[in-house]
Amino acid sequence: KLGRVFTGWVQRSFQSTQAATASQNSCAAADKASSPVPKDCPVCSYNEWDPLEEVIVGRAENACVPPFSVEVKANTYEKYWGFYQKFGGQSFPKDHLKKAISEIEEMCNILKKEGVIVKRPDPIDWSVKYKTPDFESTGLYAAMPRDILLVVGNEIIEAPMAWRARFFEYRAYRQIIKEYFNCGAKWTAAPKPTMADELYDQDYPIRSVEDRHELAAQGKFVTTEFEPCFDAADFIRAGRDIFVQRSQVTNYMGIEWMRRHLAPDYRVHIISFKDPNPMHIDATFNIIGPGLVLSNPDRPCHQIELFKKAGWTVIRPPLPLIPDDHPLWMSSKWLSMNVLMLDEKRVMVDANETSIQKMFEDLGISTIKVNIRHANSLGGGFHCWTCDIRRRGTLQSYFD
């Protein structure tokens, strides 16, 4: 059932590791048993709002339309199905990509001017076809680090993903992660799913938005419980409490893996929404400060009383202003609320979304306006396009 909460906490067992070789990196690990994490470890982030010091920003370069497989169909709207059928395995429109690349470069420049260190994934040719014993596919992109990387404290967790087109997406981030590891960060890769046919409901009956609503209300999704899978973007952090939704790309086995892995230091809570197509939580429920959350009015949260009883302020963001004719191949207009907090009083928001800018300013939060409208078309807003590596803050509980 949607909203179902697994009870009990299972303490994680720890396994000591050995550093295999010395690194050429200036902050490399020694070629002996690893020491405790140094105080100057560059990876440390517990929530979505502490002062941002270092971030990974994705790349639109070489982005390819994913093949039109059953899991892609379940996560896209019917008006774009012809686009996927025609261009699957090929580049997204070149002119559009060029504009998206330019927008993200400007976003990086602005982040640097705000005092944030910016890292980028490696460029990769995503059009190359690959084959495993279970499937064939081409790739997608390395545009959305939030989808694949989750930072919890000084640990970077690589999500296993659920789309076949994203099976090898981790390769674009490996060089960066190795550098962080050599500087003392923890590094965990969740179990990689086979993505065999059994992971997907091959007969998932989507014909209309009404179908999607009915299926979601019944707790039916295109991904099965064959093996653990999750995208990191279905999790959102608030100190010791981490919230997650069961979605088209995150199953209960994946959530339970995370729960056991993070226990007892962190508590993982399942929350759910009136959402016909749940995939990634941050354009539906975006925590922007201690005791402050944006809740999508079109996708109300079934467990919202949990937050209200804890004294949280729940804010309904205004309707997005993005025009109907703007292509959103992999997302909804609600990317307007997919913002990046630079700290409790600064937010990066789309330059075109004047309504939500006013909302933030009324809250006493200054807006840093950046136009990423063409980058939005690839499936993400500012939160999606980034993964915060270091925020200046400490681990706290906001629900005790």
# chains A, B, ... in the order shown; residues from 1 in each chain; ligands from 1
$ residues_around --residues "Ala172 of chain A" --least-positions-apart "6" --cutoff "10 Å" --atoms "only C-alpha atoms" --output "ChimeraX atom specification"
/A:58-59,120-124,141-143,145
$ write_last_selection --atoms "N, CA, C and O atoms" --output "mmCIF file, in the first residue's frame"
data_model
loop_
_atom_site.group_PDB
_atom_site.id
_atom_site.type_symbol
_atom_site.label_atom_id
_atom_site.label_comp_id
_atom_site.auth_asym_id
_atom_site.auth_seq_id
_atom_site.Cartn_x
_atom_site.Cartn_y
_atom_site.Cartn_z
ATOM 1 N N GLY A 58 25.359 18.654 -13.156
ATOM 2 C CA GLY A 58 25.333 17.712 -14.266
ATOM 3 C C GLY A 58 25.713 18.317 -15.604
ATOM 4 O O GLY A 58 25.979 19.514 -15.737
ATOM 5 N N ARG A 59 25.732 17.460 -16.629
ATOM 6 C CA ARG A 59 26.063 17.860 -17.998
ATOM 7 C C ARG A 59 24.940 17.466 -18.962
ATOM 8 O O ARG A 59 24.411 16.360 -18.870
ATOM 9 N N ARG A 120 32.078 18.803 -12.009
ATOM 10 C CA ARG A 120 31.257 18.322 -13.125
ATOM 11 C C ARG A 120 31.591 16.868 -13.442
ATOM 12 O O ARG A 120 32.751 16.443 -13.330
ATOM 13 N N PRO A 121 30.617 16.070 -13.867
ATOM 14 C CA PRO A 121 30.902 14.693 -14.295
ATOM 15 C C PRO A 121 31.654 14.673 -15.620
ATOM 16 O O PRO A 121 31.713 15.678 -16.334
ATOM 17 N N ASP A 122 32.222 13.537 -15.938
ATOM 18 C CA ASP A 122 32.955 13.390 -17.197
ATOM 19 C C ASP A 122 31.982 13.336 -18.370
ATOM 20 O O ASP A 122 30.900 12.735 -18.267
ATOM 21 N N PRO A 123 32.338 13.929 -19.517
ATOM 22 C CA PRO A 123 31.507 13.769 -20.717
ATOM 23 C C PRO A 123 31.666 12.354 -21.275
ATOM 24 O O PRO A 123 32.770 11.821 -21.340
ATOM 25 N N ILE A 124 30.555 11.755 -21.651
ATOM 26 C CA ILE A 124 30.526 10.377 -22.157
ATOM 27 C C ILE A 124 29.624 10.330 -23.377
ATOM 28 O O ILE A 124 28.648 11.074 -23.475
ATOM 29 N N TYR A 141 22.110 10.220 -20.117
ATOM 30 C CA TYR A 141 22.934 11.405 -19.901
ATOM 31 C C TYR A 141 23.538 11.355 -18.500
ATOM 32 O O TYR A 141 23.299 10.422 -17.733
ATOM 33 N N ALA A 142 24.318 12.389 -18.172
ATOM 34 C CA ALA A 142 24.785 12.602 -16.805
ATOM 35 C C ALA A 142 24.336 13.984 -16.370
ATOM 36 O O ALA A 142 25.088 14.747 -15.778
ATOM 37 N N ALA A 143 23.085 14.298 -16.676
ATOM 38 C CA ALA A 143 22.556 15.640 -16.427
ATOM 39 C C ALA A 143 22.057 15.820 -14.999
ATOM 40 O O ALA A 143 22.062 16.940 -14.490
ATOM 41 N N PRO A 145 22.690 14.646 -11.395
ATOM 42 C CA PRO A 145 23.391 13.914 -10.328
ATOM 43 C C PRO A 145 22.512 13.606 -9.126
ATOM 44 O O PRO A 145 22.764 12.653 -8.397
#
$ residues_around --residues "segment 204-209 of chain A" --least-positions-apart "6" --cutoff "12 Å" --atoms "only C-alpha atoms" --output "list in words"
Ser69, Val70, Glu71, Val72, Lys73, Ala74, Asn75, Thr76, Tyr77, Glu78, Lys79, Trp81, Leu215, Ala216, Lys220, Phe221, Val222, Thr223, Thr224, Gln248, Asp275, Pro276 and Asn277 of chain A
$ residues_around --residues "segment 322-329 of chain A" --least-positions-apart "2" --cutoff "9 Å" --atoms "only C-alpha atoms" --output "count of residues only"
19
$ select_by_dssp --residues "segment 328-357 of chain A" --states "alpha helix (DSSP H)" --output "JSON, numbers by chain"
{"A": [354, 355, 356, 357]}
$ closest_atom_pairs --of "segment 324-381 of chain A" --to "segment 390-399 of chain A" --cutoff "12 Å" --atoms "only C-alpha atoms" --output "JSON lines"
{"residue": "A:Met341", "atom": "CA", "partner": "A:Arg391", "partner_atom": "CA", "distance": 10.5}
{"residue": "A:Leu342", "atom": "CA", "partner": "A:Arg391", "partner_atom": "CA", "distance": 8.9}
{"residue": "A:Asp343", "atom": "CA", "partner": "A:Arg391", "partner_atom": "CA", "distance": 8.6}
{"residue": "A:Glu344", "atom": "CA", "partner": "A:Arg391", "partner_atom": "CA", "distance": 11.4}
$ write_last_selection --atoms "C-alpha atoms" --output "mmCIF file, in the first residue's frame"
data_model
loop_
_atom_site.group_PDB
_atom_site.id
_atom_site.type_symbol
_atom_site.label_atom_id
_atom_site.label_comp_id
_atom_site.auth_asym_id
_atom_site.auth_seq_id
_atom_site.Cartn_x
_atom_site.Cartn_y
_atom_site.Cartn_z
ATOM 1 C CA MET A 341 18.761 26.301 -1.362
ATOM 2 C CA LEU A 342 22.179 27.932 -1.027
ATOM 3 C CA ASP A 343 21.373 28.491 2.632
ATOM 4 C CA GLU A 344 18.278 29.288 4.693
#
$ residues_around --residues "segment 291-305 of chain A" --least-positions-apart "5" --cutoff "8 Å" --atoms "only C-alpha atoms" --output "number ranges by chain"
A: 3, 271-275, 283-286, 311-317, 334, 337, 398
$ write_last_selection --atoms "C-alpha atoms" --output "PDB file, in the first residue's frame"
ATOM      1  CA  GLY A   3       2.288   5.154   2.531  1.00  0.00           C
ATOM      2  CA  ILE A 271       5.413   9.076   2.470  1.00  0.00           C
ATOM      3  CA  SER A 272       3.007   9.112  -0.456  1.00  0.00           C
ATOM      4  CA  PHE A 273       1.086  11.542  -2.608  1.00  0.00           C
ATOM      5  CA  LYS A 274      -1.959  11.823  -4.808  1.00  0.00           C
ATOM      6  CA  ASP A 275       0.290  11.523  -7.845  1.00  0.00           C
ATOM      7  CA  ALA A 283       9.005  18.515  -7.609  1.00  0.00           C
ATOM      8  CA  THR A 284       6.288  17.220  -5.278  1.00  0.00           C
ATOM      9  CA  PHE A 285       7.717  17.689  -1.795  1.00  0.00           C
ATOM     10  CA  ASN A 286      10.780  19.898  -1.411  1.00  0.00           C
ATOM     11  CA  GLY A 311       5.378  22.183  14.072  1.00  0.00           C
ATOM     12  CA  TRP A 312       6.468  22.430  10.451  1.00  0.00           C
ATOM     13  CA  THR A 313       5.134  25.106   8.115  1.00  0.00           C
ATOM     14  CA  VAL A 314       3.702  23.613   4.924  1.00  0.00           C
ATOM     15  CA  ILE A 315       3.729  25.990   1.951  1.00  0.00           C
ATOM     16  CA  ARG A 316       1.723  25.524  -1.240  1.00  0.00           C
ATOM     17  CA  PRO A 317       3.807  26.993  -4.064  1.00  0.00           C
ATOM     18  CA  TRP A 334       6.194  21.753 -11.373  1.00  0.00           C
ATOM     19  CA  MET A 337       9.384  24.327  -7.147  1.00  0.00           C
ATOM     20  CA  TYR A 398      13.987  18.070  13.466  1.00  0.00           C
TER      21      TYR A 398
END
$ select_by_dssp --residues "segment 46-102 of chain A" --states "strand (DSSP E or B)" --output "ChimeraX atom specification"
/A:47,52-57,59,64,91
$ closest_residue --among "A:Val339, A:Ile368, A:Leu262, A:Ala238" --to "Asp50 of chain A" --atoms "only C-alpha atoms"
A:Ala238
$ residues_around --residues "Pro318 of chain A" --least-positions-apart "6" --cutoff "8 Å" --atoms "only C-alpha atoms" --output "compact mmCIF listing (two decimals) with N, CA and C atoms, in the first residue's frame"
# COMPACT_ATOMS: atom_id res chain seq x y z
N SER A 355 6.23 34.20 -10.01
CA SER A 355 5.30 33.95 -8.90
C SER A 355 6.00 33.30 -7.72
N ILE A 356 6.81 32.30 -8.01
CA ILE A 356 7.49 31.62 -6.89
C ILE A 356 8.62 32.49 -6.35
N MET A 359 6.95 34.47 -3.79
CA MET A 359 6.66 33.64 -2.62
C MET A 359 7.88 33.57 -1.70
$ residues_around --residues "Trp257 of chain A" --least-positions-apart "4" --cutoff "9 Å" --atoms "only C-alpha atoms" --output "ChimeraX atom specification"
/A:190-191,228,252-253,261-262
$ residues_around --residues "Lys129 of chain A" --least-positions-apart "5" --cutoff "10 Å" --atoms "only C-alpha atoms" --output "PyMOL selection string"
chain A and resi 89+136-139+165
$ atom_distance --atom1 "atom CA of Lys186 of chain A" --atom2 "atom CA of Pro290 of chain A"
25.7 Å
$ closest_residue --among "A:Val118, A:Cys41, A:Met144, A:Ile281" --to "Glu61 of chain A" --atoms "only C-alpha atoms"
A:Met144
$ closest_residue --among "A:Leu52, A:Leu97, A:Met107, A:Ile148" --to "Arg171 of chain A" --atoms "only C-alpha atoms"
A:Ile148
